[in-house]
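What follows is run24.cif (mmCIF, C-alpha atoms and all ligand atoms).
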data_target
loop_
_atom_site.label_atom_id
_atom_site.label_comp_id
_atom_site.auth_asym_id
_atom_site.auth_seq_id
_atom_site.Cartn_x
_atom_site.Cartn_y
_atom_site.Cartn_z
CA MET A 139 10.84 12.29 -14.69
CA LYS A 140 10.60 11.50 -10.99
CA ILE A 141 8.84 8.21 -10.29
CA GLY A 142 8.03 6.70 -6.90
CA VAL A 143 6.79 3.24 -5.95
CA TYR A 144 4.42 2.74 -3.02
CA PRO A 145 4.55 -1.03 -2.34
CA GLY A 146 2.27 -2.96 -0.03
CA SER A 147 -0.20 -5.78 0.45
CA PHE A 148 -3.26 -3.51 0.28
CA ASP A 149 -5.56 -6.32 1.45
CA PRO A 150 -7.65 -4.17 1.21
CA ILE A 151 -6.66 -0.54 0.61
CA THR A 152 -7.77 1.69 3.53
CA ASN A 153 -8.41 5.41 3.91
CA GLY A 154 -4.95 5.63 5.48
CA HIS A 155 -3.36 4.23 2.30
CA VAL A 156 -5.38 6.64 0.15
CA ASP A 157 -4.11 9.56 2.24
CA ILE A 158 -0.49 8.46 1.72
CA ILE A 159 -1.12 7.99 -2.03
CA GLU A 160 -2.68 11.45 -2.34
CA ARG A 161 0.24 13.09 -0.57
CA ALA A 162 2.94 11.05 -2.33
CA SER A 163 1.37 11.70 -5.74
CA LYS A 164 2.24 15.38 -5.23
CA MET A 165 5.90 14.52 -4.70
CA PHE A 166 6.41 12.52 -7.89
CA ASP A 167 5.53 12.94 -11.57
CA THR A 168 4.25 9.37 -11.45
CA LEU A 169 3.46 7.24 -8.43
CA ILE A 170 3.15 3.49 -8.93
CA VAL A 171 1.14 1.67 -6.28
CA ALA A 172 2.63 -1.83 -6.37
CA VAL A 173 0.67 -4.73 -4.89
CA LEU A 174 2.70 -7.62 -3.53
CA VAL A 175 1.58 -10.99 -4.87
CA ASN A 176 2.41 -12.91 -1.72
CA GLN A 177 2.22 -16.62 -2.32
CA ASN A 178 2.94 -17.53 1.31
CA LYS A 179 -0.01 -15.64 2.74
CA GLU A 180 -3.69 -16.26 1.98
CA PRO A 181 -5.08 -12.79 1.29
CA MET A 182 -8.74 -11.87 1.77
CA PHE A 183 -8.82 -10.42 -1.74
CA SER A 184 -7.14 -11.70 -4.91
CA THR A 185 -4.43 -9.60 -6.52
CA GLU A 186 -6.91 -8.59 -9.26
CA ASP A 187 -9.48 -7.46 -6.67
CA ARG A 188 -6.88 -5.52 -4.71
CA ILE A 189 -5.70 -3.79 -7.89
CA ASP A 190 -9.30 -3.04 -8.89
CA MET A 191 -10.05 -1.51 -5.46
CA ILE A 192 -6.90 0.63 -5.58
CA LYS A 193 -7.76 1.85 -9.10
CA HIS A 194 -11.27 2.84 -8.00
CA SER A 195 -9.97 4.53 -4.86
CA THR A 196 -7.36 6.59 -6.72
CA ASP A 197 -9.20 7.43 -9.94
CA HIS A 198 -9.17 11.13 -8.92
CA LEU A 199 -5.36 11.11 -9.16
CA SER A 200 -4.18 11.25 -12.77
CA ASN A 201 -0.50 10.45 -12.09
CA VAL A 202 -1.15 7.29 -10.05
CA LYS A 203 -0.68 3.88 -11.70
CA VAL A 204 -1.39 0.51 -10.17
CA ASP A 205 0.74 -2.58 -10.74
CA SER A 206 1.71 -5.81 -8.97
CA PHE A 207 5.00 -7.50 -8.24
CA GLN A 208 6.34 -10.82 -6.99
CA GLY A 209 9.52 -11.55 -5.10
CA LEU A 210 11.98 -8.91 -4.00
CA LEU A 211 10.91 -5.29 -4.16
CA VAL A 212 14.39 -4.19 -5.28
CA ASN A 213 14.17 -6.45 -8.33
CA TYR A 214 10.87 -4.83 -9.28
CA LEU A 215 12.41 -1.38 -8.74
CA ARG A 216 15.42 -2.21 -10.88
CA GLU A 217 13.19 -3.55 -13.63
CA LYS A 218 11.12 -0.34 -13.56
CA LYS A 219 14.26 1.82 -13.15
CA VAL A 220 12.77 3.47 -10.07
CA SER A 221 14.79 4.14 -6.93
CA TYR A 222 12.26 5.90 -4.68
CA VAL A 223 10.11 3.84 -2.34
CA VAL A 224 7.28 5.43 -0.37
CA ARG A 225 6.05 3.97 2.91
CA GLY A 226 3.60 5.28 5.48
CA LEU A 227 4.55 5.42 9.16
CA ARG A 228 1.91 5.19 11.86
CA ALA A 229 3.72 4.60 15.12
CA MET A 230 6.95 3.49 16.73
CA SER A 231 5.82 -0.10 16.29
CA ASP A 232 5.84 0.46 12.51
CA PHE A 233 9.22 2.10 12.68
CA GLU A 234 11.22 -0.97 13.71
CA ASN A 235 9.88 -3.01 10.85
CA GLU A 236 10.15 -0.20 8.33
CA PHE A 237 13.68 0.65 9.44
CA GLN A 238 14.76 -2.94 8.93
CA MET A 239 13.04 -3.16 5.55
CA ALA A 240 14.56 0.11 4.33
CA LEU A 241 18.05 -0.98 5.40
CA MET A 242 17.65 -4.43 3.85
CA ASN A 243 16.48 -2.88 0.58
CA LYS A 244 19.46 -0.50 0.68
CA LYS A 245 21.80 -3.43 1.30
CA LEU A 246 20.30 -5.25 -1.69
CA TRP A 247 20.44 -2.18 -3.94
CA LYS A 248 22.41 0.86 -2.84
CA ASP A 249 20.46 3.27 -5.03
CA VAL A 250 17.17 2.74 -3.18
CA GLU A 251 15.87 5.69 -1.19
CA THR A 252 12.92 5.09 1.13
CA VAL A 253 10.70 8.09 1.78
CA PHE A 254 8.49 7.87 4.88
CA LEU A 255 5.28 9.83 5.14
CA VAL A 256 3.83 10.12 8.62
CA THR A 257 0.17 9.18 8.77
CA LYS A 258 -2.52 11.71 9.45
CA ILE A 259 -3.40 11.35 13.12
CA GLU A 260 -6.96 10.24 12.34
CA TYR A 261 -5.58 7.17 10.55
CA ALA A 262 -2.93 6.29 13.13
CA TYR A 263 -4.91 3.25 14.36
CA LEU A 264 -5.95 2.05 10.92
CA SER A 265 -4.60 -1.06 9.17
CA SER A 266 -5.88 -3.56 6.62
CA SER A 267 -5.72 -6.29 9.28
CA ALA A 268 -7.85 -4.24 11.69
CA VAL A 269 -10.38 -3.57 8.91
CA LYS A 270 -10.59 -7.31 8.13
CA GLU A 271 -11.06 -8.17 11.79
CA VAL A 272 -13.79 -5.57 12.30
CA ALA A 273 -15.51 -6.73 9.09
CA ALA A 274 -15.27 -10.41 10.05
CA PHE A 275 -17.23 -9.69 13.22
CA HIS A 276 -19.74 -7.56 11.31
CA GLY A 277 -18.46 -4.26 12.70
CA ASP A 278 -18.90 -1.13 10.64
CA THR A 279 -15.98 -0.38 8.31
CA MET A 280 -17.69 2.51 6.50
CA ASP A 281 -15.36 5.23 7.84
CA LEU A 282 -12.25 3.11 7.47
CA VAL A 283 -12.13 2.36 3.76
CA PRO A 284 -13.25 4.02 0.51
CA ASP A 285 -16.94 3.44 -0.38
CA TYR A 286 -16.07 1.08 -3.24
CA VAL A 287 -13.98 -1.08 -0.89
CA TYR A 288 -16.71 -0.97 1.76
CA ASN A 289 -19.16 -2.47 -0.74
CA LYS A 290 -16.64 -5.08 -1.88
CA ILE A 291 -16.09 -6.19 1.74
CA ARG A 292 -19.84 -6.48 2.30
CA LEU A 293 -20.23 -8.49 -0.90
CA LYS A 294 -17.35 -10.77 0.08
CA LEU A 295 -18.77 -11.42 3.53
CA GLY A 296 -22.35 -11.56 2.29
CA VAL A 297 -23.58 -8.93 4.75
O1 LIG A 301 1.52 -3.59 3.25
P1 LIG A 301 2.68 -4.35 3.82
O2 LIG A 301 2.31 -5.81 4.01
O3 LIG A 301 3.23 -3.73 5.07
O4 LIG A 301 3.86 -4.30 2.70
C1 LIG A 301 5.09 -4.94 2.91
C2 LIG A 301 5.90 -5.01 1.60
C3 LIG A 301 5.08 -5.61 0.47
C4 LIG A 301 6.33 -3.63 1.20
C5 LIG A 301 7.18 -5.87 1.87
O5 LIG A 301 6.79 -7.05 2.51
C6 LIG A 301 7.97 -6.21 0.62
O6 LIG A 301 8.56 -5.35 -0.01
N1 LIG A 301 7.97 -7.51 0.27
C7 LIG A 301 8.68 -8.00 -0.89
C8 LIG A 301 9.83 -8.90 -0.47
C9 LIG A 301 11.09 -8.07 -0.20
O7 LIG A 301 11.55 -7.32 -1.02
N2 LIG A 301 11.69 -8.25 1.01
C10 LIG A 301 12.92 -7.58 1.36
C11 LIG A 301 12.73 -6.42 2.32
S1 LIG A 301 12.75 -7.05 3.98
#

Please lay out the structure from this file as structure tokens.
Ligand code: PNS
Amino acid sequence: MKIGVYPGSFDPITNGHVDIIERASKMFDTLIVAVLVNQNKEPMFSTEDRIDMIKHSTDHLSNVKVDSFQGLLVNYLREKKVSYVVRGLRAMSDFENEFQMALMNKKLWKDVETVFLVTKIEYAYLSSSAVKEVAAFHGDTMDLVPDYVYNKIRLKLGV
């Protein structure tokens, strides 16, 4: 069985992430969306909320599972016996970071293979940080995130 892991912060999941998940779910028998529990960064949403939003946004995809991990990604991969990592690529600015991360993961565990999916052009500008910034200044995030996430953001910000 071919299993892939799509790791990320997903704070919150955007339409761009959903697009990558939909496409990657066709490449693997099972795709695990793995949320990083990052203790150094204060996320907008708790790990539980982020997982809940991902579950709601991917409930049309029967082979997608949602999980969380702490620490090194390669340790999580080893534990799950998965060697394929999926990442989305938006622009050259992403590439540098992603290239470094993929090589570091390979250095830490030689069996890791990182698969990059290029974003759909309509999501090339989209990121969780941009969504949070727009939302913080009461801009409209309706077209940027799934409906469920849109409502969660509004609830969180009380707007
Ligand atoms: O959505 P993001 O924030 O771009 O995701 C980044 C993520 C979670 C994939 C990356 O930061 C990660 O894997 N962190 C775990 C720590 C780790 O394994 N670091 C080594 C690679 S540099």

Write out as a tab-separated table the residues of chain A that have any atom within 10 Å of an atom of ligand LIG 301 (chain A), one row each with the nearest atom pair and its distance in Å to one decimal, counting all atoms listed in the file, sorted by chain and then rising number.
residue	atom	partner	partner_atom	distance
A:Val143	CA	A:LIG301	C4	9.9
A:Tyr144	CA	A:LIG301	C4	7.9
A:Pro145	CA	A:LIG301	C4	4.7
A:Gly146	CA	A:LIG301	O1	3.4
A:Ser147	CA	A:LIG301	O1	3.9
A:Phe148	CA	A:LIG301	O1	5.6
A:Asp149	CA	A:LIG301	O1	7.8
A:Pro150	CA	A:LIG301	O1	9.4
A:Ile151	CA	A:LIG301	O1	9.1
A:His155	CA	A:LIG301	O1	9.3
A:Ala172	CA	A:LIG301	C3	8.2
A:Val173	CA	A:LIG301	C3	7.0
A:Leu174	CA	A:LIG301	C3	5.1
A:Val175	CA	A:LIG301	C3	8.3
A:Asn176	CA	A:LIG301	N1	8.0
A:Phe207	CA	A:LIG301	C7	8.2
A:Gln208	CA	A:LIG301	C7	7.1
A:Gly209	CA	A:LIG301	C8	5.3
A:Leu210	CA	A:LIG301	O7	3.4
A:Leu211	CA	A:LIG301	O7	3.8
A:Val212	CA	A:LIG301	O7	6.0
A:Asn213	CA	A:LIG301	O7	7.8
A:Tyr214	CA	A:LIG301	O7	8.7
A:Leu215	CA	A:LIG301	O7	9.8
A:Val223	CA	A:LIG301	C4	9.1
A:Val224	CA	A:LIG301	C4	9.2
A:Arg225	CA	A:LIG301	C4	7.8
A:Gly226	CA	A:LIG301	O3	9.0
A:Asp232	CA	A:LIG301	O3	8.9
A:Asn235	CA	A:LIG301	S1	8.5
A:Glu236	CA	A:LIG301	O3	8.4
A:Phe237	CA	A:LIG301	S1	9.5
A:Gln238	CA	A:LIG301	S1	6.7
A:Met239	CA	A:LIG301	S1	4.2
A:Ala240	CA	A:LIG301	C11	7.1
A:Leu241	CA	A:LIG301	S1	8.2
A:Met242	CA	A:LIG301	C11	5.5
A:Asn243	CA	A:LIG301	C11	5.4
A:Lys244	CA	A:LIG301	C11	9.1
A:Lys245	CA	A:LIG301	C11	9.6
A:Leu246	CA	A:LIG301	C10	8.3
A:Ser265	CA	A:LIG301	O1	8.9
A:Ser266	CA	A:LIG301	O1	8.1
A:Ser267	CA	A:LIG301	O2	9.6

Report, in Å with one decimal, the straight-line distance from atom CA of A:Tyr261 to atom CA of A:Phe166.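 Pair atom CA of A:Tyr261 / atom CA of A:Phe166 returns 22.6 Å.
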
Atom CA of A:Glu180 and atom CA of A:Ser206 are how many Å apart? 16.1 Å

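Only residues having an atom at most 8 Å from (13.7, 4.3, -8.5) are included; using all atoms listed in the file, these are A:Ile141, A:Gly142, A:Val143, A:Leu215, A:Arg216, A:Lys218, A:Lys219, A:Val220, A:Ser221, A:Tyr222, A:Val223, A:Asp249, A:Val250, A:Glu251.
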
What does the file look like for those residues with C-alpha atoms, as a JSON list (two decimals), keeping the file's coordinate frame?
[["chain", "number", "residue", "atom", "x", "y", "z"],
["A", 141, "ILE", "CA", 8.84, 8.21, -10.29],
["A", 142, "GLY", "CA", 8.03, 6.70, -6.90],
["A", 143, "VAL", "CA", 6.79, 3.24, -5.95],
["A", 215, "LEU", "CA", 12.41, -1.38, -8.74],
["A", 216, "ARG", "CA", 15.42, -2.21, -10.88],
["A", 218, "LYS", "CA", 11.12, -0.34, -13.56],
["A", 219, "LYS", "CA", 14.26, 1.82, -13.15],
["A", 220, "VAL", "CA", 12.77, 3.47, -10.07],
["A", 221, "SER", "CA", 14.79, 4.14, -6.93],
["A", 222, "TYR", "CA", 12.26, 5.90, -4.68],
["A", 223, "VAL", "CA", 10.11, 3.84, -2.34],
["A", 249, "ASP", "CA", 20.46, 3.27, -5.03],
["A", 250, "VAL", "CA", 17.17, 2.74, -3.18],
["A", 251, "GLU", "CA", 15.87, 5.69, -1.19]]

Can you pull out the residues contacting stretch 282-293 of chain A? Cut-off 9 Å, using only C-alpha atoms, and skip same-chain residues under 6 positions away; I want them as an NGL selection string. :A and (150-154 or 156 or 187 or 191-192 or 194-195 or 261 or 264-265 or 269-270 or 273)

Find the distance between atom CA of A:Leu227 and atom CA of A:Val253 and write it in Å to one decimal.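 Computed distance, atom CA of A:Leu227 to atom CA of A:Val253, equals 10.0 Å.
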